[in-house]
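Everything below concerns the one structure shown next.
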2 protein chains.
Amino acid sequence: MPDESTLLDILAEIFAVNVPEGDLYIGDDCAVVGSMDGKVVVSCDHFIEGVHFDRSFASDFEVGFKSSVTAISDIAAMGCLPRFLLIGLATPTGTGLEEVFRGIKSAADHYGVVVVGGDMSSTGPSSQVLSISTTVIGTDQLTPAYLTGFGGDQVPEPVTRSGARPGDWIFVTGTLGGSCAGLRALRDHARLGEPTALERKYLYPVARIAQGVLARLCGARAMIDISDGFSCDLNKVCARSQVGFELSNVPCEPGASLEDALGGGGDYELVFTAPYRDLIELAFADKGLDLYCVGRCIDSPGGRFTDGTPVVPRGHSHKF
Amino acid sequence: MPDESTLLDILAEIFAVNVPEGDLYIGDDCAVVGSMDGKVVVSCDHFIEGVHFDRSFASDFEVGFKSSVTAISDIAAMGCLPRFLLIGLATPTGTGLEEVFRGIKSAADHYGVVVVGGDMSSTGPSSQVLSISTTVIGTDQLTPAYLTGFGGDQVPEPVTRSGARPGDWIFVTGTLGGSCAGLRALRDHARLGEPTALERKYLYPVARIAQGVLARLCGARAMIDISDGFSCDLNKVCARSQVGFELSNVPCEPGASLEDALGGGGDYELVFTAPYRDLIELAFADKGLDLYCVGRCIDSPGGRFTDGTPVVPRGHSHKF
């Protein structure tokens with residue numbers, strides 16, 4: 001059982017990067033991440049054993065990886081770019097953390113994000129629950145690669161949850177329900193080594209950074225990432241925007257049911273609304289990014305399918 | 001038992017502030033806190049029931065208050081200014097959080113910090129432990145009030161833990177051991193209403209923002225806040241700086257023992273080292289701020305008192 005300073009050494013080794021002159025990353029009271037261009041965008045996210053993950057079928061590496069991706073996804077949901085991560089770990093005595101760190105590092109590298117600090121604590125004797133709280137710091141300033149073909153001086157503001165208007169088209173960046181179906185598969189069957197494609201949908205979600213940025217550049221009016229469930233998260237956006245929604249289409253991941261897609265959660269695809277349809281479909285096609293137009297915002301509150309059947313918001317709401 | 005969205009409403013009401021045009025605080029995927037002057041300084045800190053606090057003798061308000069102050073203290077320990085807080089709460093089913101929020105709000109207001117976001121989650125059925133993870137975002141840019149009498153164009157960098165040199169004087173910003181003795185009093189006696197002065201040292205620590213800034217402006221070379229214990233935290237600074245220390249004086253809070261002062265932790269006073277003594281004592285006296293010169297950094301590793309007795313680093317190290 002390594003003590004805090006030994007763990008900090010392991011952590012410093014895994015997360016070693018070149019620190020810019022004058023900045024300061026892991027190991028002091030605070031991280032100093034330099035001046036940031038643009039507006040600072042920040043989110044924090046819990047990832048708790050028994051609530052958000054289950055180590056009986058997810059490896060420590062997978063837990064670490066997913067904890068970071070789900071946090072980074074919040075930045076994608078604003079159409080912004082993630083830059084820095086801080087990792088707060090509360091861990092039961094005797095938990096090995098090295099593979100959790102390696103999973104976090106793998107996700108961070110994938111998204112070009114630097115782990116600059118964090119905090120570690122024991123959970124104390126009365127809890128055996130590993131808890132990861134991740135803070136992601138990003139910026140609304142886009143890099144030139146994202147701005148090719150767009151007027152760089154007219155980049156819209158970060159996309160909130162509250163800007164949808166009646167008549168807006170509703171888009172989703174990928175198929176839905178895979179995470180839920182993958183979780184079911186992991187629960188039902190003893191896992192044999194590497195996860196299946198469906199199980200990967202649950203274990204290795206993708207934060208849709210490029211899609212979020214493109215939606216923002218194309219004039220998206222409201223956006224959210226699907227963490228709790230498609231119907232539930234879309235309902236949050238519509239309720240905040242004081243509109244309703246009519247669904248014409250729900251793109252299901254092969255192996256997932258309509259139920260999984262509507263209420264399963266954990267897909268981390270983005271849902272956004274925008275006044276134009278062709279422009280956006282062309283822009284996504286041009287970049288080779290998946291996009292599904294799933295319906296429109298309507299004047300009356302609540303959700304329905306085009307045949308009039310109501311869509312009851314289903315998904316995960318943490319009861320307190 | 002309110003669900004997440006009801007709690008978010010309570011939270012939004014308690015933390016309501018005027019949001020600057022173009023920014024975005026509580027209630028979306030991320031907070032947008034605008035462009036920040038200077039370098040971004042950030043820290044995150046756990047505050048866990050049974051490890052960092054005990055609700056059998058601390059009220060929910062006090063728990064919330066202290067969770068924010070201890071996090072803000074990390075920014076003080078760099079000589080920087082706190083600006084924004086994000087609060088991650090993992091809470092057992094049925095926990096009332098309103099008073100925790102009010103405690104956080106009270107601390108935030110006291111330090112001029114704005115609560116801009118966070119995350120709430122259930123701890124799940126297998127944990128009854130309330131856990132608060134606080135992210136503080138600050139800046140190294142000082143406001144004019146702090147710069148009176150100093151050349152504003154020559155403000156030193158944030159103060160790390162690693163810059164102490166042999167011969168540096170070691171200073172502490174207040175008496176020590178009060179938190180530990182106050183905790184003992186709370187544990188030993190049934191609490192009758194309002195806490196005593198000593199108990200307040202434990203329940204209501206102070207983040208030494210003005211002191212940290214002044215130390216930085218006066219050329220402090222290394223600094224830390226006393227969370228784990230004076231001897232243990234001073235040892236961290238000296239080990240990181242590759243120096244030792246000789247203590248001539250340990251200012252004890254009335255009611256606290258030398259043992260409490262050396263190893264008790266939780267005082268959140270700042271310890272810093274600097275090459276000058278008179279200048280710094282004058283500057284602190286001029287602002288009416290307490291300061292104790294407690295010894296000097298020496299060439300050989302480890303710690304000792306002036307009579308040669310070794311100082312064994314004592315304090316809190318979270319075992320994993």
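All residue names refer to the structure tokens as shown: chains lettered A, B, ... in order, residues numbered from 1 in each chain, ligands numbered from 1 in order.
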**Study point:** Check: which chain A residues lie within 6 Å of chain B using only C-alpha atoms, as a PyMOL selection string
**Key:** chain A and resi 1+3-4+29-35+38-45+50-51+74+93-94+118-119+121-122+124+127+318-320
Export of prior selection with C-alpha atoms as a tab-separated table (two decimals), in the first residue's frame:
chain	number	residue	atom	x	y	z
A	1	MET	CA	0.00	0.00	0.00
A	3	ASP	CA	1.33	6.25	0.81
A	4	GLU	CA	0.29	9.54	-0.70
A	29	ASP	CA	-0.71	23.52	-4.07
A	30	CYS	CA	-2.19	24.56	-7.39
A	31	ALA	CA	-1.56	24.08	-11.08
A	32	VAL	CA	-0.59	27.20	-13.01
A	33	VAL	CA	-1.74	26.71	-16.59
A	34	GLY	CA	-0.65	30.03	-18.06
A	35	SER	CA	-2.77	32.65	-19.74
A	38	GLY	CA	-10.51	33.16	-25.21
A	39	LYS	CA	-13.05	32.45	-22.54
A	40	VAL	CA	-12.40	29.85	-19.87
A	41	VAL	CA	-14.93	27.03	-20.00
A	42	VAL	CA	-15.02	24.63	-17.08
A	43	SER	CA	-16.93	21.61	-15.89
A	44	CYS	CA	-16.64	19.03	-13.15
A	45	ASP	CA	-18.03	15.54	-13.19
A	50	GLY	CA	-21.70	1.45	-8.07
A	51	VAL	CA	-23.37	4.49	-9.66
A	74	ASP	CA	-19.23	18.31	-21.33
A	93	THR	CA	-7.58	1.56	1.33
A	94	GLY	CA	-5.64	-0.89	-0.80
A	118	GLY	CA	-5.67	16.87	-8.73
A	119	ASP	CA	-6.16	15.56	-5.27
A	121	SER	CA	-7.77	11.05	-0.52
A	122	SER	CA	-8.74	7.92	1.28
A	124	GLY	CA	-12.09	6.41	5.10
A	127	SER	CA	-16.79	3.44	2.36
A	318	HIS	CA	-29.83	10.65	-9.43
A	319	LYS	CA	-32.18	10.59	-6.47
A	320	PHE	CA	-30.88	12.22	-3.31
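Running DSSP on the backbone and keeping only strand (DSSP E), the residues of range 7-80 of chain A that qualify are Ala31, Val32, Val40, Val41, Val42, Ser43, Cys44, Asp45, His46, Phe47 and Ile48 of chain A.
The coordinates place CA of Asp299 in chain B at 16.1 Å from CA of Ser248 in chain B.
You can rank B:Leu214, B:Leu183, B:Cys293, B:Val312 by their closest distance to Val250 in chain B using only C-alpha atoms, and at the top of that list sits B:Cys293.
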Review point. Quick one: residues within 12 Å of Ser56 in chain B, only C-alpha atoms counted, chain neighbours fewer than 4 positions away excluded, as an MDAnalysis selection string?
Key: chainID B and resid 49:50 60 62:63 183 186:191
File dump, residues just selected, N, CA and C atoms, as an mmCIF file, in the first residue's frame:
data_model
loop_
_atom_site.group_PDB
_atom_site.id
_atom_site.type_symbol
_atom_site.label_atom_id
_atom_site.label_comp_id
_atom_site.auth_asym_id
_atom_site.auth_seq_id
_atom_site.Cartn_x
_atom_site.Cartn_y
_atom_site.Cartn_z
ATOM 1 N N GLU B 49 -16.563 12.904 4.344
ATOM 2 C CA GLU B 49 -17.098 12.541 5.660
ATOM 3 C C GLU B 49 -16.323 11.354 6.238
ATOM 4 N N GLY B 50 -15.955 11.460 7.485
ATOM 5 C CA GLY B 50 -15.220 10.382 8.130
ATOM 6 C C GLY B 50 -13.720 10.485 7.928
ATOM 7 N N ASP B 60 -24.171 20.924 8.961
ATOM 8 C CA ASP B 60 -24.052 20.915 7.504
ATOM 9 C C ASP B 60 -23.508 22.251 6.993
ATOM 10 N N GLU B 62 -21.515 24.275 8.563
ATOM 11 C CA GLU B 62 -20.072 24.320 8.865
ATOM 12 C C GLU B 62 -19.270 23.436 7.914
ATOM 13 N N VAL B 63 -19.832 22.272 7.582
ATOM 14 C CA VAL B 63 -19.166 21.365 6.641
ATOM 15 C C VAL B 63 -19.010 22.055 5.280
ATOM 16 N N LEU B 183 -10.766 20.442 17.574
ATOM 17 C CA LEU B 183 -11.359 19.151 17.188
ATOM 18 C C LEU B 183 -11.468 18.236 18.408
ATOM 19 N N LEU B 186 -14.327 19.306 20.517
ATOM 20 C CA LEU B 186 -15.600 18.911 19.899
ATOM 21 C C LEU B 186 -15.874 17.421 20.096
ATOM 22 N N ARG B 187 -14.833 16.634 20.012
ATOM 23 C CA ARG B 187 -14.992 15.180 20.168
ATOM 24 C C ARG B 187 -15.276 14.800 21.614
ATOM 25 N N ASP B 188 -14.659 15.543 22.562
ATOM 26 C CA ASP B 188 -14.714 15.143 23.971
ATOM 27 C C ASP B 188 -15.987 15.592 24.678
ATOM 28 N N HIS B 189 -16.554 16.698 24.235
ATOM 29 C CA HIS B 189 -17.676 17.270 24.971
ATOM 30 C C HIS B 189 -18.877 17.403 24.052
ATOM 31 N N ALA B 190 -20.038 17.132 24.592
ATOM 32 C CA ALA B 190 -21.252 17.405 23.823
ATOM 33 C C ALA B 190 -21.252 18.898 23.519
ATOM 34 N N ARG B 191 -21.544 19.231 22.296
ATOM 35 C CA ARG B 191 -21.471 20.633 21.907
ATOM 36 C C ARG B 191 -22.754 21.341 22.304
#
Point to revise | Filtered DSSP result for range 27-150 of chain B, state alpha helix (DSSP H), as a PyMOL selection string | key: chain B and resi 60-76+98-110+144-147
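Between CA of Gly265 in chain B and CA of Ile226 in chain B the separation is 6.2 Å.
Counting only C-alpha atoms, Thr175 in chain A has the following residues at most 7 Å away, ignoring those fewer than 6 positions along the same chain: Pro251, Cys252 and Glu253 of chain A.
Each of B:Gly167, B:Gly295, B:Gly302, B:Pro205 was checked against Ser67 in chain B using only C-alpha atoms; the smallest atom-to-atom distance is that of B:Pro205.
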**Study point:** Shell around Phe61 in chain B at 8 Å using only C-alpha atoms, local window under 5 positions removed, as a PyMOL selection string
**Key:** chain B and resi 99-104
Let me see the file: selected residues, N, CA and C atoms, as a PDB file, in the first residue's frame.
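Generated file (part.pdb):
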ATOM      1  N   GLU B  99     -28.293  23.294   3.605  1.00  0.00           N
ATOM      2  CA  GLU B  99     -27.403  23.975   4.553  1.00  0.00           C
ATOM      3  C   GLU B  99     -25.932  23.840   4.148  1.00  0.00           C
ATOM      4  N   VAL B 100     -25.586  22.718   3.509  1.00  0.00           N
ATOM      5  CA  VAL B 100     -24.233  22.586   2.959  1.00  0.00           C
ATOM      6  C   VAL B 100     -24.008  23.688   1.918  1.00  0.00           C
ATOM      7  N   PHE B 101     -24.995  23.848   1.032  1.00  0.00           N
ATOM      8  CA  PHE B 101     -24.905  24.913   0.024  1.00  0.00           C
ATOM      9  C   PHE B 101     -24.762  26.283   0.683  1.00  0.00           C
ATOM     10  N   ARG B 102     -25.550  26.513   1.753  1.00  0.00           N
ATOM     11  CA  ARG B 102     -25.505  27.837   2.389  1.00  0.00           C
ATOM     12  C   ARG B 102     -24.133  28.095   3.018  1.00  0.00           C
ATOM     13  N   GLY B 103     -23.527  27.043   3.546  1.00  0.00           N
ATOM     14  CA  GLY B 103     -22.180  27.175   4.093  1.00  0.00           C
ATOM     15  C   GLY B 103     -21.170  27.513   3.008  1.00  0.00           C
ATOM     16  N   ILE B 104     -21.303  26.836   1.875  1.00  0.00           N
ATOM     17  CA  ILE B 104     -20.414  27.106   0.739  1.00  0.00           C
ATOM     18  C   ILE B 104     -20.592  28.542   0.266  1.00  0.00           C
TER      19      ILE B 104
END
Study note, to complete from the structure: Students should find that CA of Glu98 in chain B and CA of Val19 in chain B are spaced 21.8 Å
